[in-house]
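The structure under discussion appears below in the form of structure tokens.
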Amino acid sequence: MDLTFTPAEEEFRTELRSWLSANIPQDWARPGYWDTLSDDESFRVRRDWERDKADAGFAGIQWPTEYGGRGGTPGMKAIYDQEMVLAHAPRTVNPLGLTFLAPTVMAIGTDAQKKAIIGPLLRNEVVWCQGFSEPGAGSDLAALSTKGVRDGDDFVVNGQKVWTTNAVHGDRIFAMVRTEPGTERHRGISMLMIDMNQPGVTARPLKQMSGASEFGEVFFDDARTPATECLGEIGDGWRTAMLLLSFERGASGISQYTEFRRQYDEIVAVARTLGRDTDPVVRNDLARVLTELECLRLHSMHVLTQVEQGRDLGFEASMTKLQWSEAFQDLWEVYDRILGEHATLDELPDGTDLRPLHAQAMWSRSVTIWGGSSQVQRTITAERVLGLPR
Ligand SMILES: Cc1cc2nc3c(=O)[nH]c(=O)nc-3n(C[C@H](O)[C@H](O)[C@H](O)COP(=O)(O)OP(=O)(O)OC[C@H]3O[C@@H](n4cnc5c(N)ncnc54)[C@H](O)[C@@H]3O)c2cc1C
């Protein structure tokens with residue numbers, strides 16, 4: 001395992017840092033700043049920011065130059081992710097398009113799809129949703145029932161998706177649709193790319209306990225999409241989906257560590273303000289979480305080294321998901337225990353604004369569900385990595 005970055009990668013860090021210090025608004029580092037904006041405003045500001053970054057050459061760090069990317073190393077991508085966290089840059093508005101769709105289109109898209117999809121994605125001009133989950137198909141994705149019927153050159157799509165991130169702000173959705181009637185489970189499914197700005201598509205926001213609506217429900221009611229908008233072969237959507245999901249892993253662990261470590265320091269500060277930092281139970285909790293975070297840092301560098309060496313992590317990626325999501329959730333459970341009766345307050349006696357911290361504590365509940373629940377990751381690890389019997 002290599003714990004260092006190359007001189008060329010460190011040079012990239014210096015260049016990026018200097019651009020960030022000249023271009024990132026100072027307000028963004030203020031705790032709670034993003035909560036002062038409405039969902040729509042925050043979306044617009046973040047979208048403009050992504051376009052500016054792309055114009056300055058800081059987008060598609062690892063994408064090949066033929067697609068307008070920088071052709072950088074996984075190490076450069078890890079540095080980029082880390083520096084965005086350190087600069088208090090907001091998370092991307094287009095995670096599903098950038099992380100999943102773009103590399104899949106580069107790998108198996110038609111020339112027309114590559115031309116139409118990748119450039120706009122680099123500048124975040126088209127925001128993509130992922131239409132996998134349905135009310136009856138989450139962990140068991142093969143149980144999906146949204147149907148697509150061929151009508152001339154088009155598919156006509158009917159059905160419902162749920163928990164769709166960016167449902168309300170999305171422009172297009174890559175959706176798993178059963179296109180061969182009478183087929184079951186993994187067969188006869190296609191991944192169709194569908195325009196969300198058409199009369200046959202309705203997106204309704206779902207309100208979360210934090211008050212935000214980052215996801216929603218999407219209804220297809222005779223929605224249409226040309227058959228040429230199928231990614232991969234028609235009827236072979238399962239294979240496309242597996243390829244697409246394999247792009248989730250990579251270098252992001254380092255940025256997660258950077259972000260979680262900063263949050264850890266904020267939680268320690270709350271413990272000090274409340275005089276809870278001398279409580280042996282709290283100290284024990286904080287020491288455990290810090291150890292988990294250090295394990296996350298080391299594991300992330302291990303993963304990065306493997307990726308740099310061109311090794312496919314395969315099912316080991318499930319262990320990474322499990323590790324970061326459980327460490328993050330543990331961190332925020334410790335926060336809740338430190339707060340105790342103060343958990344209902346927006347502010348501490350010294351004026352510390354607790355609302356951004358509360359929002360993180362609420363958000364942490366979701367991370368062991370999305371992207372494959374912890375139970376499912378454990379099963380994959382047991383069966384596919386350790387070779388235990390089913
Ligand atoms: C914040 C957030 C954003 C999301 N964004 C998207 C999105 O953009 N697009 C999208 O398509 N989906 C999205 N999802 C949906 C997410 O992928 C599903 O919630 C997830 O796959 C779990 O499916 P489910 O909710 O149907 O739960 P279920 O599959 O019904 O699971 C319920 C419980 O049973 C357990 N369980 C299920 N099967 C097994 C098994 N075989 N063995 C052991 N335990 C099992 C699960 O682990 C879980 O604890 C999002 C979810 C969240 C919370």
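Chain lettering (A, B, ...) mirrors the order of the structure tokens, residue numbering begins at 1 for each chain separately, and ligand numbering begins at 1 in order of display.
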
Step by step, measure atom-to-atom distances between ligand 1 and each residue using only C-alpha atoms and all ligand atoms, keep those at most 9 Å, then write them as a PyMOL selection string. chain A and resi 96+129-141+161-167+175-176+214-216+363+365-379

So which residues touch Val334 in chain A within 8 Å, counting only C-alpha atoms, skipping near sequence neighbours fewer than 3 positions away, as number ranges by chain? A: 282, 285-286, 330-331, 337-338

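A straight line drawn from CA of Phe328 in chain A to CA of Thr381 in chain A is 19.6 Å long.
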
Using DSSP on the backbone coordinates, identify the residues of range 99-327 of chain A assigned to helix (DSSP H, G or I); present them as a PyMOL selection string. chain A and resi 99-108+111-122+141-143+227-229+237-248+252-273+280-308+314-327

For CA of Thr104 in chain A and CA of Leu243 in chain A, determine how far apart the two atoms are, in Å to one decimal place.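 Computing it gives 6.9 Å between the two atoms.
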
Residues near Gly69 in chain A, cut-off 8 Å, only C-alpha atoms, skip fewer than 4 positions along chain, as a ChimeraX atom specification: /A:57,59-65,122

Residue selection dump (all heavy atoms) as an mmCIF file, in the first residue's frame:
```cif
data_model
loop_
_atom_site.group_PDB
_atom_site.id
_atom_site.type_symbol
_atom_site.label_atom_id
_atom_site.label_comp_id
_atom_site.auth_asym_id
_atom_site.auth_seq_id
_atom_site.Cartn_x
_atom_site.Cartn_y
_atom_site.Cartn_z
ATOM 1 N N GLY A 57 -11.246 23.856 -16.328
ATOM 2 C CA GLY A 57 -10.480 22.615 -16.556
ATOM 3 C C GLY A 57 -10.436 21.696 -15.355
ATOM 4 O O GLY A 57 -9.631 20.780 -15.291
ATOM 5 N N ALA A 59 -12.835 19.507 -14.234
ATOM 6 C CA ALA A 59 -13.951 18.558 -14.277
ATOM 7 C C ALA A 59 -13.452 17.338 -15.037
ATOM 8 O O ALA A 59 -12.500 17.435 -15.814
ATOM 9 C CB ALA A 59 -15.148 19.178 -14.980
ATOM 10 N N GLY A 60 -14.094 16.218 -14.802
ATOM 11 C CA GLY A 60 -13.691 15.001 -15.513
ATOM 12 C C GLY A 60 -12.211 14.710 -15.314
ATOM 13 O O GLY A 60 -11.496 14.382 -16.267
ATOM 14 N N ILE A 61 -11.741 14.809 -14.055
ATOM 15 C CA ILE A 61 -10.297 14.689 -13.779
ATOM 16 C C ILE A 61 -9.720 13.384 -14.352
ATOM 17 O O ILE A 61 -8.657 13.367 -14.935
ATOM 18 C CB ILE A 61 -10.031 14.740 -12.247
ATOM 19 C CG1 ILE A 61 -10.633 16.013 -11.637
ATOM 20 C CG2 ILE A 61 -8.532 14.629 -11.928
ATOM 21 C CD1 ILE A 61 -10.100 17.296 -12.192
ATOM 22 N N GLN A 62 -10.486 12.299 -14.198
ATOM 23 C CA GLN A 62 -9.967 11.002 -14.652
ATOM 24 C C GLN A 62 -10.489 10.603 -16.032
ATOM 25 O O GLN A 62 -10.157 9.543 -16.522
ATOM 26 C CB GLN A 62 -10.415 9.943 -13.645
ATOM 27 C CG GLN A 62 -9.271 9.302 -12.896
ATOM 28 C CD GLN A 62 -9.786 8.166 -12.066
ATOM 29 O OE1 GLN A 62 -10.595 8.386 -11.157
ATOM 30 N NE2 GLN A 62 -9.357 6.961 -12.358
ATOM 31 N N TRP A 63 -11.343 11.471 -16.611
ATOM 32 C CA TRP A 63 -11.907 11.108 -17.913
ATOM 33 C C TRP A 63 -10.851 11.273 -18.999
ATOM 34 O O TRP A 63 -10.036 12.203 -18.940
ATOM 35 C CB TRP A 63 -13.096 12.019 -18.256
ATOM 36 C CG TRP A 63 -14.290 11.833 -17.395
ATOM 37 C CD1 TRP A 63 -14.358 11.139 -16.223
ATOM 38 C CD2 TRP A 63 -15.583 12.379 -17.625
ATOM 39 N NE1 TRP A 63 -15.623 11.224 -15.711
ATOM 40 C CE2 TRP A 63 -16.397 11.966 -16.551
ATOM 41 C CE3 TRP A 63 -16.141 13.168 -18.629
ATOM 42 C CZ2 TRP A 63 -17.733 12.321 -16.457
ATOM 43 C CZ3 TRP A 63 -17.475 13.526 -18.530
ATOM 44 C CH2 TRP A 63 -18.260 13.103 -17.463
ATOM 45 N N PRO A 64 -10.913 10.408 -20.032
ATOM 46 C CA PRO A 64 -9.955 10.550 -21.135
ATOM 47 C C PRO A 64 -10.077 11.928 -21.799
ATOM 48 O O PRO A 64 -11.174 12.507 -21.838
ATOM 49 C CB PRO A 64 -10.387 9.461 -22.123
ATOM 50 C CG PRO A 64 -11.212 8.500 -21.318
ATOM 51 C CD PRO A 64 -11.831 9.286 -20.214
ATOM 52 N N THR A 65 -8.949 12.435 -22.312
ATOM 53 C CA THR A 65 -8.962 13.772 -22.925
ATOM 54 C C THR A 65 -9.873 13.819 -24.164
ATOM 55 O O THR A 65 -10.425 14.861 -24.482
ATOM 56 C CB THR A 65 -7.532 14.200 -23.323
ATOM 57 O OG1 THR A 65 -6.914 13.086 -23.978
ATOM 58 C CG2 THR A 65 -6.705 14.579 -22.118
ATOM 59 N N LEU A 122 -20.122 16.699 -18.538
ATOM 60 C CA LEU A 122 -18.898 17.320 -18.029
ATOM 61 C C LEU A 122 -19.203 18.709 -17.468
ATOM 62 O O LEU A 122 -18.662 19.121 -16.456
ATOM 63 C CB LEU A 122 -17.880 17.414 -19.174
ATOM 64 C CG LEU A 122 -16.465 17.773 -18.801
ATOM 65 C CD1 LEU A 122 -15.763 16.569 -18.202
ATOM 66 C CD2 LEU A 122 -15.694 18.236 -20.022
#
```

Just the residues within 9 Å of Pro181 in chain A, please, counting only C-alpha atoms, with nothing from its chain fewer than 3 positions along; format it as an MDAnalysis selection string. chainID A and resid 147:149 178 184 188

Atoms kept (N, CA and C atoms) for selection, written as a PDB file, in the first residue's frame:
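Heads up, here's the output in part-v3.pdb:
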```pdb
ATOM      1  N   LYS A 147     -42.840  -1.243 -17.145  1.00  0.00           N
ATOM      2  CA  LYS A 147     -42.853  -1.935 -18.454  1.00  0.00           C
ATOM      3  C   LYS A 147     -42.589  -0.971 -19.603  1.00  0.00           C
ATOM      4  N   GLY A 148     -41.908  -1.473 -20.635  1.00  0.00           N
ATOM      5  CA  GLY A 148     -41.713  -0.708 -21.860  1.00  0.00           C
ATOM      6  C   GLY A 148     -42.196  -1.542 -23.034  1.00  0.00           C
ATOM      7  N   VAL A 149     -43.119  -0.977 -23.820  1.00  0.00           N
ATOM      8  CA  VAL A 149     -43.681  -1.718 -24.955  1.00  0.00           C
ATOM      9  C   VAL A 149     -43.224  -1.039 -26.233  1.00  0.00           C
ATOM     10  N   ARG A 178     -38.777  -3.376 -17.838  1.00  0.00           N
ATOM     11  CA  ARG A 178     -38.981  -4.710 -18.421  1.00  0.00           C
ATOM     12  C   ARG A 178     -39.545  -4.526 -19.824  1.00  0.00           C
ATOM     13  N   GLU A 184     -38.989 -13.015 -16.626  1.00  0.00           N
ATOM     14  CA  GLU A 184     -38.903 -12.885 -15.165  1.00  0.00           C
ATOM     15  C   GLU A 184     -37.479 -12.605 -14.732  1.00  0.00           C
ATOM     16  N   GLY A 188     -34.877  -9.976 -19.983  1.00  0.00           N
ATOM     17  CA  GLY A 188     -35.888  -9.143 -20.631  1.00  0.00           C
ATOM     18  C   GLY A 188     -36.014  -7.729 -20.076  1.00  0.00           C
TER      19      GLY A 188
END
```

Gln198 in chain A: which residues within 12 Å, counting only C-alpha atoms, same-chain residues fewer than 5 positions away excluded, as a ChimeraX atom specification? /A:171-173,203,219-225

Among range 64-308 of chain A, which ones does DSSP place in strand (DSSP E or B), written as a PyMOL selection string? chain A and resi 128-131+134+137+147-151+154-165+172-178+189-195+201-205+215-226+230+236

Please provide the set of residues having any atom within 12 Å of Pro349 in chain A, restricted to only C-alpha atoms, with same-chain residues fewer than 5 positions apart removed, written as number ranges by chain. A: 270, 273-275, 342, 354

Near range 386-389 of chain A, within 12 Å and counting only C-alpha atoms, which residues show up once chain neighbours fewer than 6 positions away are dropped, as a PyMOL selection string? chain A and resi 315-316+318-319+378-380

Counting only C-alpha atoms, which of A:Pro90, A:Leu290, A:Glu229, A:Ser190 gets nearest to Ile117 in chain A?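 Of A:Pro90, A:Leu290, A:Glu229, A:Ser190, the one nearest Ile117 in chain A is A:Glu229, counting only C-alpha atoms.
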
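Comparing the minimum interatomic distances between Met209 in chain A and each of A:Trp19, A:Met362, A:Asp27, A:Arg13, counting only C-alpha atoms, we find that A:Met362 sits nearest.
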
When you draw a straight line from CA of Val45 in chain A to CA of Thr352 in chain A, how long is it in Å? 25.9 Å
